[in-house]
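I have placed the structure first, in the form of structure tokens, so that the comments after it can refer back to it.
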Amino acid sequence: MDEDYERTVGVGPHPEPWPTDPHFDPELLREGDRRNVGDEYRYWSVEAIVADLDLRRHDFHVAMENLEHDFNIGSVVRTANAFNASTVRLVGRRRWNRRGAMVTNRYMHVEYHDSPASLGQWAAEQGVPVIGIDNIPGSIPLEKFALPRRCVLFFGQEGAGLSDEAQAQCEVVLDIAQFGSTRSINLGAAAAITMHSWIRQHVFDQPI
């Protein structure tokens, strides 16, 4: 690669005359938009982007146990944004490492539950089943399971997996097929695989 090459992220100031639609941010129009957003959202305010995403959120929620300030949570939030999940729900500690989210949390609805039981109660009130993701005895292969259109995809702490209390809130626990020597895969990878499985089944209508 040419040593003089410098990658430019985003776009510079918008040519005048500026668009007058209210979803545009005057500061971004003036200074340029260097955010990691799709081209259709260039120069839009955060509030306008969230409002537009809210019109077409998918029917699944992503929940995670946050027991030890897991740095992988940010990666899951970023993926939840990519697949336009309805909400992200953190169970346990409210503090989490946002670095991996790369600011995508600003475009998501991140909610908090103090315990798995609280998440389970919320899910019951919404009429959505909680689907656990963990490779525990008795778990069912994700690849052979028809995910409900409306559901909560519940992930455990990196390494430890779903706690006993979390498993008690799940209608079913699914595992992801593995073929190597490691016992488990990274939380961010597991969440991405699971969310994409939901997308394949309910957006592209591909059978399991």
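Naming works like this for the structure tokens: A, B, ... for the chains as they're shown, residue 1 at the start of each chain, ligands 1 onward in shown order.
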Residues of segment 59-126 of chain A in alpha helix (DSSP H), written as a tab-separated table (two decimals) with N, CA and C atoms, in the first residue's frame:
chain	number	residue	atom	x	y	z
A	73	ILE	N	-19.56	-7.29	25.69
A	73	ILE	CA	-20.92	-6.77	25.55
A	73	ILE	C	-20.98	-5.72	24.44
A	74	GLY	N	-19.98	-4.88	24.35
A	74	GLY	CA	-19.98	-3.85	23.33
A	74	GLY	C	-20.06	-4.43	21.93
A	75	SER	N	-19.35	-5.51	21.70
A	75	SER	CA	-19.39	-6.18	20.40
A	75	SER	C	-20.78	-6.70	20.09
A	76	VAL	N	-21.46	-7.24	21.10
A	76	VAL	CA	-22.82	-7.75	20.90
A	76	VAL	C	-23.78	-6.61	20.59
A	77	VAL	N	-23.62	-5.49	21.27
A	77	VAL	CA	-24.47	-4.33	21.01
A	77	VAL	C	-24.28	-3.85	19.56
A	78	ARG	N	-23.04	-3.84	19.11
A	78	ARG	CA	-22.78	-3.42	17.73
A	78	ARG	C	-23.47	-4.36	16.73
A	79	THR	N	-23.42	-5.66	16.99
A	79	THR	CA	-24.08	-6.62	16.11
A	79	THR	C	-25.59	-6.48	16.18
A	80	ALA	N	-26.12	-6.23	17.38
A	80	ALA	CA	-27.56	-6.02	17.53
A	80	ALA	C	-28.02	-4.82	16.72
A	81	ASN	N	-27.17	-3.80	16.64
A	81	ASN	CA	-27.49	-2.65	15.80
A	81	ASN	C	-27.46	-3.03	14.32
A	82	ALA	N	-26.47	-3.83	13.93
A	82	ALA	CA	-26.36	-4.24	12.53
A	82	ALA	C	-27.59	-5.00	12.07
A	116	PRO	N	-32.07	-12.14	36.41
A	116	PRO	CA	-32.74	-12.93	35.38
A	116	PRO	C	-34.24	-13.04	35.61
A	117	ALA	N	-34.65	-13.11	36.89
A	117	ALA	CA	-36.08	-13.19	37.18
A	117	ALA	C	-36.81	-11.95	36.68
A	118	SER	N	-36.17	-10.79	36.82
A	118	SER	CA	-36.77	-9.55	36.33
A	118	SER	C	-36.93	-9.58	34.81
A	119	LEU	N	-35.90	-10.09	34.12
A	119	LEU	CA	-36.01	-10.24	32.67
A	119	LEU	C	-37.14	-11.20	32.32
A	120	GLY	N	-37.20	-12.33	33.03
A	120	GLY	CA	-38.25	-13.31	32.77
A	120	GLY	C	-39.64	-12.74	32.98
A	121	GLN	N	-39.80	-11.92	34.02
A	121	GLN	CA	-41.10	-11.29	34.27
A	121	GLN	C	-41.46	-10.34	33.15
A	122	TRP	N	-40.48	-9.53	32.71
A	122	TRP	CA	-40.74	-8.61	31.60
A	122	TRP	C	-41.13	-9.38	30.35
A	123	ALA	N	-40.41	-10.45	30.03
A	123	ALA	CA	-40.70	-11.23	28.83
A	123	ALA	C	-42.09	-11.84	28.90
A	124	ALA	N	-42.48	-12.32	30.08
A	124	ALA	CA	-43.81	-12.90	30.25
A	124	ALA	C	-44.89	-11.85	30.02
A	125	GLU	N	-44.65	-10.65	30.53
A	125	GLU	CA	-45.63	-9.56	30.34
A	125	GLU	C	-45.76	-9.18	28.87
A	126	GLN	N	-44.65	-9.31	28.12
A	126	GLN	CA	-44.67	-8.99	26.69
A	126	GLN	C	-45.17	-10.16	25.85
I'd like the neighbourhood of Val9 of chain A as an MDAnalysis selection string, where a residue qualifies if any of its atoms comes within 8 Å (using only C-alpha atoms), though same-chain residues fewer than 2 positions away should be ignored.
chainID A and resid 7 11 34:36
Go ahead and write the residues just picked, N, CA and C atoms, as a tab-separated table (two decimals), in the first residue's frame.
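Just written: selection.tsv:
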chain	number	residue	atom	x	y	z
A	7	ARG	N	-6.70	6.73	4.41
A	7	ARG	CA	-8.11	6.42	4.22
A	7	ARG	C	-8.98	7.50	4.83
A	11	VAL	N	-17.81	11.39	5.05
A	11	VAL	CA	-17.88	12.43	4.02
A	11	VAL	C	-17.58	13.78	4.62
A	34	ARG	N	-18.29	11.97	9.80
A	34	ARG	CA	-17.26	10.92	9.84
A	34	ARG	C	-17.72	9.70	10.63
A	35	ARG	N	-18.99	9.60	10.89
A	35	ARG	CA	-19.51	8.47	11.68
A	35	ARG	C	-19.57	7.20	10.84
A	36	ASN	N	-19.62	6.06	11.54
A	36	ASN	CA	-19.76	4.78	10.88
A	36	ASN	C	-21.24	4.46	10.70
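Take the candidates A:Pro207, A:Pro17, A:Gly12, A:Gly32 and check each one against Lys144 of chain A using only C-alpha atoms; the shortest distance goes to A:Pro207.
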Hey, could you make a per-residue contact list for segment 3-67 of chain A against segment 85-97 of chain A with 9 Å as the cut-off, showing the nearest pair of atoms and its distance in Å to one decimal, counting only C-alpha atoms, sorted by chain and number, as a tab-separated table?
residue	atom	partner	partner_atom	distance
A:Asp54	CA	A:Ser86	CA	8.0
A:Arg56	CA	A:Ser86	CA	8.9
A:Arg57	CA	A:Ser86	CA	5.1
A:His58	CA	A:Ala85	CA	5.3
A:Asp59	CA	A:Ser86	CA	6.0
A:Phe60	CA	A:Ala85	CA	5.8
A:His61	CA	A:Thr87	CA	5.0
A:Val62	CA	A:Val88	CA	4.8
A:Ala63	CA	A:Arg89	CA	4.5
A:Met64	CA	A:Leu90	CA	5.2
A:Glu65	CA	A:Val91	CA	4.6
A:Asn66	CA	A:Gly92	CA	5.2
A:Leu67	CA	A:Gly92	CA	5.8
How would the residues just picked look written out with C-alpha atoms as an mmCIF file, in the first residue's frame?
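Just written: selection.cif:
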data_model
loop_
_atom_site.group_PDB
_atom_site.id
_atom_site.type_symbol
_atom_site.label_atom_id
_atom_site.label_comp_id
_atom_site.auth_asym_id
_atom_site.auth_seq_id
_atom_site.Cartn_x
_atom_site.Cartn_y
_atom_site.Cartn_z
ATOM 1 C CA ASP A 54 -37.747 2.316 15.209
ATOM 2 C CA ARG A 56 -38.591 -1.249 11.209
ATOM 3 C CA ARG A 57 -37.065 -2.866 14.279
ATOM 4 C CA HIS A 58 -37.031 -6.642 14.134
ATOM 5 C CA ASP A 59 -39.076 -8.701 16.570
ATOM 6 C CA PHE A 60 -36.220 -10.192 18.573
ATOM 7 C CA HIS A 61 -34.547 -8.804 21.680
ATOM 8 C CA VAL A 62 -30.997 -9.516 22.804
ATOM 9 C CA ALA A 63 -30.329 -10.084 26.511
ATOM 10 C CA MET A 64 -27.004 -10.684 28.268
ATOM 11 C CA GLU A 65 -25.946 -11.382 31.802
ATOM 12 C CA ASN A 66 -23.484 -8.717 32.892
ATOM 13 C CA LEU A 67 -21.862 -10.100 36.022
#
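Residues in contact range of segment 37-40 of chain A, defined as at most 10 Å between only C-alpha atoms, with sequence neighbours fewer than 6 positions away removed, read Gly10, Val11, Ile49 and Thr104 of chain A.
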Write out as a PDB file with N, CA and C atoms, in the first residue's frame all residues of segment 141-193 of chain A that DSSP puts in strand (DSSP E) for this structure's backbone.
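Here's the written file part26.pdb:
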ATOM      1  N   PRO A 141     -29.539 -28.169  19.255  1.00  0.00           N
ATOM      2  CA  PRO A 141     -28.770 -27.451  18.230  1.00  0.00           C
ATOM      3  C   PRO A 141     -29.553 -26.284  17.632  1.00  0.00           C
ATOM      4  N   CYS A 151     -39.136 -13.055  20.235  1.00  0.00           N
ATOM      5  CA  CYS A 151     -38.400 -13.801  21.265  1.00  0.00           C
ATOM      6  C   CYS A 151     -37.319 -12.925  21.871  1.00  0.00           C
ATOM      7  N   VAL A 152     -36.773 -13.425  22.974  1.00  0.00           N
ATOM      8  CA  VAL A 152     -35.588 -12.849  23.605  1.00  0.00           C
ATOM      9  C   VAL A 152     -34.464 -13.864  23.456  1.00  0.00           C
ATOM     10  N   LEU A 153     -33.366 -13.456  22.862  1.00  0.00           N
ATOM     11  CA  LEU A 153     -32.186 -14.306  22.738  1.00  0.00           C
ATOM     12  C   LEU A 153     -31.275 -13.979  23.911  1.00  0.00           C
ATOM     13  N   PHE A 154     -31.111 -14.921  24.832  1.00  0.00           N
ATOM     14  CA  PHE A 154     -30.464 -14.666  26.119  1.00  0.00           C
ATOM     15  C   PHE A 154     -29.091 -15.338  26.153  1.00  0.00           C
ATOM     16  N   PHE A 155     -28.055 -14.515  26.355  1.00  0.00           N
ATOM     17  CA  PHE A 155     -26.672 -14.998  26.377  1.00  0.00           C
ATOM     18  C   PHE A 155     -26.086 -14.809  27.767  1.00  0.00           C
ATOM     19  N   VAL A 172     -36.244 -22.705  26.318  1.00  0.00           N
ATOM     20  CA  VAL A 172     -35.370 -23.708  25.729  1.00  0.00           C
ATOM     21  C   VAL A 172     -33.975 -23.122  25.690  1.00  0.00           C
ATOM     22  N   VAL A 173     -32.955 -23.967  25.724  1.00  0.00           N
ATOM     23  CA  VAL A 173     -31.563 -23.521  25.584  1.00  0.00           C
ATOM     24  C   VAL A 173     -30.992 -24.179  24.336  1.00  0.00           C
ATOM     25  N   LEU A 174     -30.394 -23.358  23.477  1.00  0.00           N
ATOM     26  CA  LEU A 174     -29.824 -23.827  22.221  1.00  0.00           C
ATOM     27  C   LEU A 174     -28.309 -23.739  22.263  1.00  0.00           C
ATOM     28  N   ASP A 175     -27.656 -24.649  21.535  1.00  0.00           N
ATOM     29  CA  ASP A 175     -26.206 -24.552  21.402  1.00  0.00           C
ATOM     30  C   ASP A 175     -25.842 -24.406  19.930  1.00  0.00           C
TER      31      ASP A 175
END
